[in-house]
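This is my_file_19.txt (compact mmCIF, C-alpha atoms (C1' of nucleotides)).
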# COMPACT_ATOMS: atom_id res chain seq x y z
CA MET A 1041 17.88 12.51 7.51
CA SER A 1042 17.98 11.13 11.01
CA LYS A 1043 20.33 8.44 12.31
CA THR A 1044 17.43 6.02 12.36
CA ALA A 1045 16.45 6.55 8.73
CA ILE A 1046 14.93 3.44 7.21
CA ASP A 1047 15.91 2.16 3.80
CA ILE A 1048 13.31 3.59 1.47
CA GLN A 1049 12.42 0.25 -0.11
CA ARG A 1050 11.70 -1.31 3.25
CA ALA A 1051 9.81 1.74 4.42
CA ALA A 1052 7.64 1.44 1.31
CA ASN A 1053 6.95 -2.19 2.17
CA VAL A 1054 5.83 -1.24 5.66
CA LEU A 1055 3.64 1.57 4.37
CA LYS A 1056 2.06 -0.81 1.89
CA LEU A 1057 1.22 -3.12 4.78
CA LEU A 1058 -0.31 -0.22 6.69
CA GLY A 1059 -2.10 0.95 3.57
CA ASP A 1060 -5.02 -1.30 4.35
CA LYS A 1061 -7.85 -0.14 6.54
CA THR A 1062 -8.08 -3.38 8.48
CA ARG A 1063 -4.36 -3.66 9.23
CA LEU A 1064 -3.97 0.02 9.98
CA THR A 1065 -6.84 -0.14 12.45
CA MET A 1066 -5.37 -3.26 14.01
CA ILE A 1067 -2.08 -1.50 14.60
CA LYS A 1068 -3.83 1.53 16.06
CA ILE A 1069 -5.75 -0.72 18.43
CA LEU A 1070 -2.61 -2.63 19.41
CA ASP A 1071 -0.95 0.66 20.21
CA ASN A 1072 -3.18 0.78 23.28
CA HIS A 1073 -4.17 -2.81 24.00
CA ASP A 1074 -3.03 -6.28 23.12
CA ALA A 1075 -5.65 -8.33 21.32
CA CYS A 1076 -6.31 -11.79 19.96
CA VAL A 1077 -7.58 -12.96 16.61
CA CYS A 1078 -11.07 -13.69 17.91
CA GLU A 1079 -11.43 -10.10 19.05
CA PHE A 1080 -10.41 -8.77 15.67
CA VAL A 1081 -12.91 -11.10 14.04
CA GLU A 1082 -15.66 -9.46 16.08
CA ILE A 1083 -14.36 -5.94 15.59
CA PHE A 1084 -13.99 -6.16 11.84
CA LYS A 1085 -16.97 -8.42 11.29
CA THR A 1086 -15.01 -10.54 8.91
CA SER A 1087 -13.86 -14.15 8.71
CA GLN A 1088 -11.25 -15.70 10.96
CA PRO A 1089 -8.97 -16.70 8.06
CA ALA A 1090 -9.06 -13.15 6.73
CA ILE A 1091 -7.94 -11.83 10.11
CA SER A 1092 -5.28 -14.53 10.50
CA GLN A 1093 -3.85 -13.58 7.13
CA HIS A 1094 -3.70 -9.91 8.07
CA VAL A 1095 -1.95 -10.52 11.37
CA ARG A 1096 0.44 -12.89 9.68
CA LYS A 1097 1.57 -10.16 7.33
CA LEU A 1098 2.10 -7.81 10.22
CA LYS A 1099 4.01 -10.52 12.06
CA ASP A 1100 6.16 -11.41 9.06
CA ALA A 1101 7.16 -7.75 8.80
CA GLY A 1102 8.09 -7.75 12.47
CA LEU A 1103 5.51 -5.13 13.35
CA VAL A 1104 3.67 -7.33 15.83
CA ARG A 1105 4.54 -10.19 18.12
CA GLU A 1106 2.47 -13.14 19.21
CA THR A 1107 2.28 -14.81 22.61
CA ARG A 1108 0.30 -17.91 23.21
CA ARG A 1109 -1.90 -17.80 26.30
CA GLY A 1110 -3.74 -21.08 26.60
CA GLN A 1111 -5.76 -21.57 23.45
CA TRP A 1112 -5.51 -17.91 22.54
CA ILE A 1113 -2.70 -16.16 20.77
CA ILE A 1114 -2.28 -12.60 21.92
CA TYR A 1115 -0.88 -10.09 19.50
CA SER A 1116 0.99 -6.97 20.55
CA LEU A 1117 3.02 -4.22 18.93
CA ASN A 1118 6.68 -5.11 18.61
CA LYS A 1119 8.40 -2.15 20.21
CA ASP A 1120 11.78 -3.53 19.21
CA SER A 1121 11.02 -3.32 15.51
CA GLU A 1122 13.22 -0.95 13.57
CA TYR A 1123 9.97 0.41 12.15
CA PHE A 1124 8.43 1.09 15.54
CA PRO A 1125 9.41 4.79 15.70
CA LEU A 1126 7.97 5.36 12.23
CA VAL A 1127 4.78 3.51 13.10
CA LYS A 1128 4.42 5.41 16.35
CA ASP A 1129 4.67 8.75 14.58
CA LEU A 1130 2.12 7.61 12.07
CA LEU A 1131 -0.36 6.52 14.69
CA LEU A 1132 -0.36 9.98 16.24
CA HIS A 1133 -2.30 11.18 13.20
CA LEU A 1134 -5.05 8.60 13.50
CA PRO A 1135 -8.19 8.76 15.61
CA ASN A 1136 -8.27 6.65 18.74
CA GLN A 1137 -9.95 3.27 18.20
CA ASP A 1138 -10.61 2.34 21.81
CA PHE A 1139 -14.33 2.54 21.20
CA ARG A 1140 -14.04 -0.67 19.22
CA LEU A 1141 -12.81 -2.64 22.20
CA LYS A 1142 -15.37 -0.89 24.40
CA GLU A 1143 -18.11 -2.14 22.12
CA LEU A 1144 -16.77 -5.65 22.53
CA GLU A 1145 -16.80 -5.36 26.29
CA GLU A 1146 -20.37 -4.14 26.26
CA GLN A 1147 -21.29 -7.21 24.26
CA GLY A 1148 -19.38 -9.40 26.69
CA LEU A 1149 -17.08 -10.52 23.91
CA ARG A 1150 -13.88 -9.06 25.28
CA ILE A 1151 -13.53 -11.39 28.24
CA SER A 1152 -13.65 -14.40 25.95
CA CYS A 1153 -9.96 -13.92 25.33
CA GLU A 1154 -8.74 -13.32 28.86
CA MET B 1371 -5.81 11.43 19.22
CA SER B 1372 -4.91 14.86 18.01
CA LYS B 1373 -7.26 17.49 16.66
CA THR B 1374 -5.90 16.84 13.20
CA ALA B 1375 -6.55 13.10 13.25
CA ILE B 1376 -7.28 11.75 9.80
CA ASP B 1377 -10.10 9.35 9.10
CA ILE B 1378 -8.50 5.95 9.21
CA GLN B 1379 -9.85 4.85 5.85
CA ARG B 1380 -8.39 7.87 4.11
CA ALA B 1381 -5.13 7.54 5.99
CA ALA B 1382 -4.92 3.95 4.74
CA ASN B 1383 -5.44 5.17 1.18
CA VAL B 1384 -2.61 7.64 1.52
CA LEU B 1385 -0.31 5.04 3.04
CA LYS B 1386 -1.12 2.67 0.22
CA LEU B 1387 -0.08 5.37 -2.23
CA LEU B 1388 3.15 5.88 -0.34
CA GLY B 1389 3.65 2.14 -0.08
CA ASP B 1390 5.42 2.11 -3.41
CA LYS B 1391 9.14 2.68 -3.66
CA THR B 1392 8.88 4.99 -6.65
CA ARG B 1393 6.14 7.20 -5.24
CA LEU B 1394 7.66 7.28 -1.78
CA THR B 1395 10.99 8.36 -3.22
CA MET B 1396 9.26 10.98 -5.35
CA ILE B 1397 7.62 12.48 -2.30
CA LYS B 1398 10.89 12.46 -0.39
CA ILE B 1399 12.60 14.25 -3.27
CA LEU B 1400 9.76 16.77 -3.56
CA ASP B 1401 10.14 17.50 0.14
CA ASN B 1402 13.36 19.31 -0.77
CA HIS B 1403 13.02 20.26 -4.44
CA ASP B 1404 10.30 20.65 -7.01
CA ALA B 1405 10.75 18.40 -10.01
CA CYS B 1406 9.27 17.63 -13.40
CA VAL B 1407 8.31 14.33 -15.01
CA CYS B 1408 11.37 14.24 -17.22
CA GLU B 1409 13.63 14.40 -14.17
CA PHE B 1410 11.81 11.53 -12.54
CA VAL B 1411 12.12 9.53 -15.73
CA GLU B 1412 15.91 9.90 -15.50
CA ILE B 1413 16.06 9.29 -11.78
CA PHE B 1414 14.00 6.12 -11.80
CA LYS B 1415 15.22 4.88 -15.16
CA THR B 1416 11.72 3.97 -16.17
CA SER B 1417 9.27 4.99 -18.89
CA GLN B 1418 7.58 8.37 -19.12
CA PRO B 1419 4.05 6.92 -18.97
CA ALA B 1420 4.94 4.98 -15.83
CA ILE B 1421 6.10 8.18 -14.16
CA SER B 1422 3.09 10.14 -15.37
CA GLN B 1423 0.79 7.54 -13.88
CA HIS B 1424 2.58 7.69 -10.53
CA VAL B 1425 2.42 11.47 -10.27
CA ARG B 1426 -1.20 11.43 -11.32
CA LYS B 1427 -2.07 9.22 -8.38
CA LEU B 1428 -0.22 11.54 -6.04
CA LYS B 1429 -2.00 14.51 -7.59
CA ASP B 1430 -5.43 12.87 -7.42
CA ALA B 1431 -4.88 12.29 -3.71
CA GLY B 1432 -3.95 15.95 -3.29
CA LEU B 1433 -0.44 15.15 -2.12
CA VAL B 1434 1.26 17.07 -4.92
CA ARG B 1435 0.46 20.05 -7.09
CA GLU B 1436 1.41 20.77 -10.65
CA THR B 1437 2.41 24.05 -12.23
CA ARG B 1438 3.01 24.40 -15.90
CA ARG B 1439 6.19 26.27 -16.79
CA GLY B 1440 6.47 26.45 -20.56
CA GLN B 1441 6.48 22.95 -21.91
CA TRP B 1442 7.33 21.49 -18.51
CA ILE B 1443 5.00 20.67 -15.68
CA ILE B 1444 6.63 21.16 -12.33
CA TYR B 1445 5.43 19.05 -9.43
CA SER B 1446 5.66 20.12 -5.81
CA LEU B 1447 4.42 18.94 -2.44
CA ASN B 1448 1.01 20.33 -1.59
CA LYS B 1449 1.55 21.85 1.83
CA ASP B 1450 -2.15 22.59 2.12
CA SER B 1451 -3.13 18.95 1.96
CA GLU B 1452 -4.81 17.64 5.07
CA TYR B 1453 -2.31 14.79 4.83
CA PHE B 1454 0.73 17.03 4.74
CA PRO B 1455 1.51 16.83 8.49
CA LEU B 1456 1.31 13.05 8.34
CA VAL B 1457 3.50 12.91 5.27
CA LYS B 1458 6.04 15.28 6.79
CA ASP B 1459 6.38 13.13 9.90
CA LEU B 1460 6.80 10.09 7.74
CA LEU B 1461 9.53 11.63 5.65
CA LEU B 1462 11.62 12.33 8.72
CA HIS B 1463 12.26 8.61 8.94
CA LEU B 1464 13.55 8.27 5.39
CA PRO B 1465 17.08 8.83 4.12
CA ASN B 1466 17.71 12.02 2.19
CA GLN B 1467 17.44 11.55 -1.58
CA ASP B 1468 19.22 14.69 -2.71
CA PHE B 1469 21.99 12.59 -4.20
CA ARG B 1470 19.58 11.59 -6.95
CA LEU B 1471 19.16 15.16 -8.15
CA LYS B 1472 22.89 15.71 -7.74
CA GLU B 1473 23.54 12.83 -10.09
CA LEU B 1474 21.22 14.45 -12.63
CA GLU B 1475 23.08 17.72 -12.38
CA GLU B 1476 26.39 16.00 -12.90
CA GLN B 1477 24.97 14.46 -16.05
CA GLY B 1478 23.68 17.84 -17.17
CA LEU B 1479 20.14 16.51 -17.13
CA ARG B 1480 18.81 18.73 -14.39
CA ILE B 1481 18.93 21.97 -16.30
CA SER B 1482 16.81 20.54 -19.07
CA CYS B 1483 13.79 21.34 -16.99
CA GLU B 1484 14.60 24.86 -15.88
C1' DC C 1033 3.36 25.68 -41.12
C1' DC C 1034 5.93 21.41 -39.46
C1' DT C 1035 9.04 19.26 -36.06
C1' DT C 1036 10.57 18.47 -31.60
C1' DT C 1037 9.99 18.04 -26.72
C1' DA C 1038 7.22 17.23 -22.57
C1' DT C 1039 3.39 15.18 -20.74
C1' DA C 1040 -1.07 12.61 -20.53
C1' DT C 1041 -4.11 8.94 -21.51
C1' DA C 1042 -5.93 4.54 -23.19
C1' DA C 1043 -5.70 -0.31 -23.81
C1' DC C 1044 -3.51 -4.47 -22.57
C1' DT C 1045 -1.06 -7.76 -19.53
C1' DA C 1046 1.19 -10.00 -15.71
C1' DT C 1047 1.41 -9.82 -10.91
C1' DT C 1048 -0.29 -8.94 -6.44
C1' DC C 1049 -3.96 -8.65 -3.06
C1' DG C 1050 -7.76 -9.77 -0.05
C1' DC C 1051 -11.24 -12.49 0.36
C1' DT C 1052 -13.61 -17.10 0.28
C1' DT C 1053 -14.07 -22.19 1.44
C1' DA C 1054 -12.05 -26.22 3.11
C1' DT C 1055 -8.92 -28.34 5.98
C1' DA C 1056 -5.15 -28.74 9.50
C1' DT C 1057 -3.15 -27.91 14.09
C1' DA C 1058 -3.31 -27.04 18.94
C1' DA C 1059 -5.15 -26.38 23.44
C1' DT C 1060 -9.09 -27.19 26.50
C1' DA C 1061 -13.18 -29.35 28.33
C1' DA C 1062 -16.39 -33.05 28.91
C1' DT D 1092 -11.14 -40.35 24.01
C1' DT D 1093 -14.14 -37.21 21.66
C1' DA D 1094 -15.93 -32.57 21.17
C1' DT D 1095 -15.19 -27.76 21.26
C1' DT D 1096 -12.71 -23.53 20.66
C1' DA D 1097 -8.96 -20.76 18.70
C1' DT D 1098 -5.90 -20.25 15.16
C1' DA D 1099 -3.28 -21.29 10.86
C1' DT D 1100 -2.75 -22.61 6.19
C1' DA D 1101 -3.77 -23.88 1.39
C1' DA D 1102 -6.15 -23.36 -2.89
C1' DG D 1103 -8.90 -20.67 -5.83
C1' DC D 1104 -11.04 -16.45 -7.54
C1' DG D 1105 -12.13 -11.65 -8.68
C1' DA D 1106 -10.37 -7.03 -8.15
C1' DA D 1107 -6.69 -3.90 -8.00
C1' DT D 1108 -1.91 -2.65 -9.32
C1' DA D 1109 2.16 -1.27 -12.01
C1' DG D 1110 4.17 -1.78 -15.92
C1' DT D 1111 4.08 -1.92 -21.20
C1' DT D 1112 3.08 0.07 -26.11
C1' DA D 1113 0.58 3.17 -28.87
C1' DT D 1114 -1.52 7.41 -29.37
C1' DA D 1115 -3.10 12.17 -28.07
C1' DT D 1116 -2.34 16.88 -26.44
C1' DA D 1117 0.25 20.98 -25.79
C1' DA D 1118 3.99 24.19 -25.92
C1' DA D 1119 8.33 25.84 -28.32
C1' DG D 1120 11.38 26.48 -32.13
C1' DG D 1121 12.58 26.42 -36.81
Starting from the file, give its structure as structure tokens.
Amino acid sequence: MSKTAIDIQRAANVLKLLGDKTRLTMIKILDNHDACVCEFVEIFKTSQPAISQHVRKLKDAGLVRETRRGQWIIYSLNKDSEYFPLVKDLLLHLPNQDFRLKELEEQGLRISCE
Amino acid sequence: MSKTAIDIQRAANVLKLLGDKTRLTMIKILDNHDACVCEFVEIFKTSQPAISQHVRKLKDAGLVRETRRGQWIIYSLNKDSEYFPLVKDLLLHLPNQDFRLKELEEQGLRISCE
DNA sequence: CCTTTATATAACTATTCGCTTATATAATAA
DNA sequence: TTATTATATAAGCGAATAGTTATATAAAGG
């Protein structure tokens, strides 16, 4: 066990959060780029409340942070989370999701949040 | 992304499986020692069917293997699983669980399965 | 053979989960 | 101010989850 070992109950809670395709993809995207709710709505082709509820869970667990910028709220990975090293290691095993933001840009939907 | 990147949907399924304290602890234990259902029943102080259902999920996902030895069925980590590298990295962040098997030995319950 | 031990499976139940719709809040723009 | 855009929250619903009890299978020992 390493010095930064995480209590197994709390680790399970984090893994449960990441055990959802939408949230896991969100985190993988946020690993490279900050994003707002409206972008996720476009990317996942789902409703705004559904996205808000997903990001809220990630925020409640301390995995992401929010920053208001005008009328938008920008979400980013919380690098200070005790879970951040675990999450980072996890993400290494997942395919890059940058193409999703690229698709948004091509549709002119990315700039809407900047 | 690495060459061994795992489809994000399937990774989410695996993380959901591991997002349960009992199953996550099982996997952490199996990382160091094979074990049978009856040992897990003692360790987790829960019913035999509950344990059987947990190991079945892990087996169905290919994370563990079973080997019958007499009347016991011994479970072990499946190192050939495509998810094994991911799981291994994960486990590095969790506290060692050897004390659980040690407790069994002290109670004389470990040998019952060997 | 019958009994015991280990494990699996089926049916049921309570809880949790992720979505929906409707509504509220907050910032911006006209 | 009023309208628009972005986001959050609440309530409700159907599906999935993890446990329970009861029963089935399978090996070992008498």
Can you list every residue of chain C that has an atom at most 8 Å from range 1100-1121 of chain D, with its nearest atom pair and the distance in Å to one decimal, using all atoms listed in the file, ordered by chain then number, as JSON lines?
{"residue": "C:DA1040", "atom": "C1'", "partner": "D:DT1116", "partner_atom": "C1'", "distance": 7.4}
{"residue": "C:DT1041", "atom": "C1'", "partner": "D:DA1115", "partner_atom": "C1'", "distance": 7.4}
{"residue": "C:DT1045", "atom": "C1'", "partner": "D:DT1111", "partner_atom": "C1'", "distance": 8.0}
{"residue": "C:DT1048", "atom": "C1'", "partner": "D:DT1108", "partner_atom": "C1'", "distance": 7.1}
{"residue": "C:DC1049", "atom": "C1'", "partner": "D:DA1107", "partner_atom": "C1'", "distance": 7.4}
{"residue": "C:DA1056", "atom": "C1'", "partner": "D:DT1100", "partner_atom": "C1'", "distance": 7.4}
Residues of chain B were defined as contacting chain C if any atom lay at most 12 Å from it, counting only C-alpha atoms (C1' of nucleotides); please report them as a count of residues only. 25
Closest atom pairs, chain A residues within 12 Å of chain B, all atoms listed in the file, as a tab-separated table:
residue	atom	partner	partner_atom	distance
A:Met1041	CA	B:Pro1465	CA	5.1
A:Ser1042	CA	B:His1463	CA	6.6
A:Lys1043	CA	B:His1463	CA	8.7
A:Thr1044	CA	B:His1463	CA	6.7
A:Ala1045	CA	B:His1463	CA	4.7
A:Ile1046	CA	B:Leu1464	CA	5.3
A:Asp1047	CA	B:Leu1464	CA	6.7
A:Ile1048	CA	B:Leu1464	CA	6.1
A:Gln1049	CA	B:Lys1391	CA	5.4
A:Arg1050	CA	B:Lys1391	CA	8.4
A:Ala1051	CA	B:Leu1464	CA	7.6
A:Ala1052	CA	B:Gly1389	CA	4.3
A:Asn1053	CA	B:Gly1389	CA	5.9
A:Val1054	CA	B:Gly1389	CA	7.0
A:Leu1055	CA	B:Gly1389	CA	4.5
A:Lys1056	CA	B:Gly1389	CA	3.9
A:Leu1057	CA	B:Gly1389	CA	7.6
A:Leu1058	CA	B:Leu1385	CA	6.4
A:Gly1059	CA	B:Lys1386	CA	3.9
A:Asp1060	CA	B:Ala1382	CA	5.3
A:Lys1061	CA	B:Ala1382	CA	5.3
A:Thr1062	CA	B:Ala1382	CA	8.8
A:Arg1063	CA	B:Ala1382	CA	8.9
A:Leu1064	CA	B:Ala1382	CA	6.6
A:Thr1065	CA	B:Ile1378	CA	7.1
A:Met1066	CA	B:Ile1378	CA	10.8
A:Ile1067	CA	B:Ile1378	CA	11.2
A:Lys1068	CA	B:Ile1378	CA	9.4
A:Ile1069	CA	B:Ile1378	CA	11.7
A:Asp1071	CA	B:Met1371	CA	11.9
A:Asn1072	CA	B:Met1371	CA	11.7
A:Glu1122	CA	B:His1463	CA	10.7
A:Tyr1123	CA	B:His1463	CA	9.1
A:Phe1124	CA	B:His1463	CA	10.7
A:Pro1125	CA	B:His1463	CA	8.3
A:Leu1126	CA	B:His1463	CA	6.3
A:Val1127	CA	B:Leu1460	CA	8.7
A:Lys1128	CA	B:Leu1460	CA	10.1
A:Asp1129	CA	B:Asp1459	CA	6.6
A:Leu1130	CA	B:Leu1456	CA	6.6
A:Leu1131	CA	B:Met1371	CA	8.6
A:Leu1132	CA	B:Met1371	CA	6.4
A:His1133	CA	B:Ala1375	CA	4.7
A:Leu1134	CA	B:Ala1375	CA	4.8
A:Pro1135	CA	B:Met1371	CA	5.1
A:Asn1136	CA	B:Met1371	CA	5.4
A:Gln1137	CA	B:Met1371	CA	9.2
A:Asp1138	CA	B:Met1371	CA	10.6
At what distance in Å, to one decimal, does CA of Leu1103 in chain A lie from CA of Thr1086 in chain A? 21.7 Å
Quick check, in Å to one decimal: how far apart do CA of Glu1412 in chain B and CA of Ser1446 in chain B lie? 17.4 Å
Once you count only C-alpha atoms (C1' of nucleotides), which residues of chain D turn out to be within 8 Å of chain A? Could you give them as a ChimeraX atom specification? /D:1096-1099
What does the distance from CA of Leu1447 in chain B to CA of Leu1471 in chain B come to in Å, to one decimal?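 Distance between the two atoms: 16.3 Å.
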Need the axis-aligned box for range 1101-1108 of chain D with 3 Å each side, so what are the centre and edges in Å to one decimal, as lines of an AutoDock Vina configuration file?
center_x = -7.0
center_y = -13.3
center_z = -4.0
size_x = 16.2
size_y = 27.2
size_z = 16.7
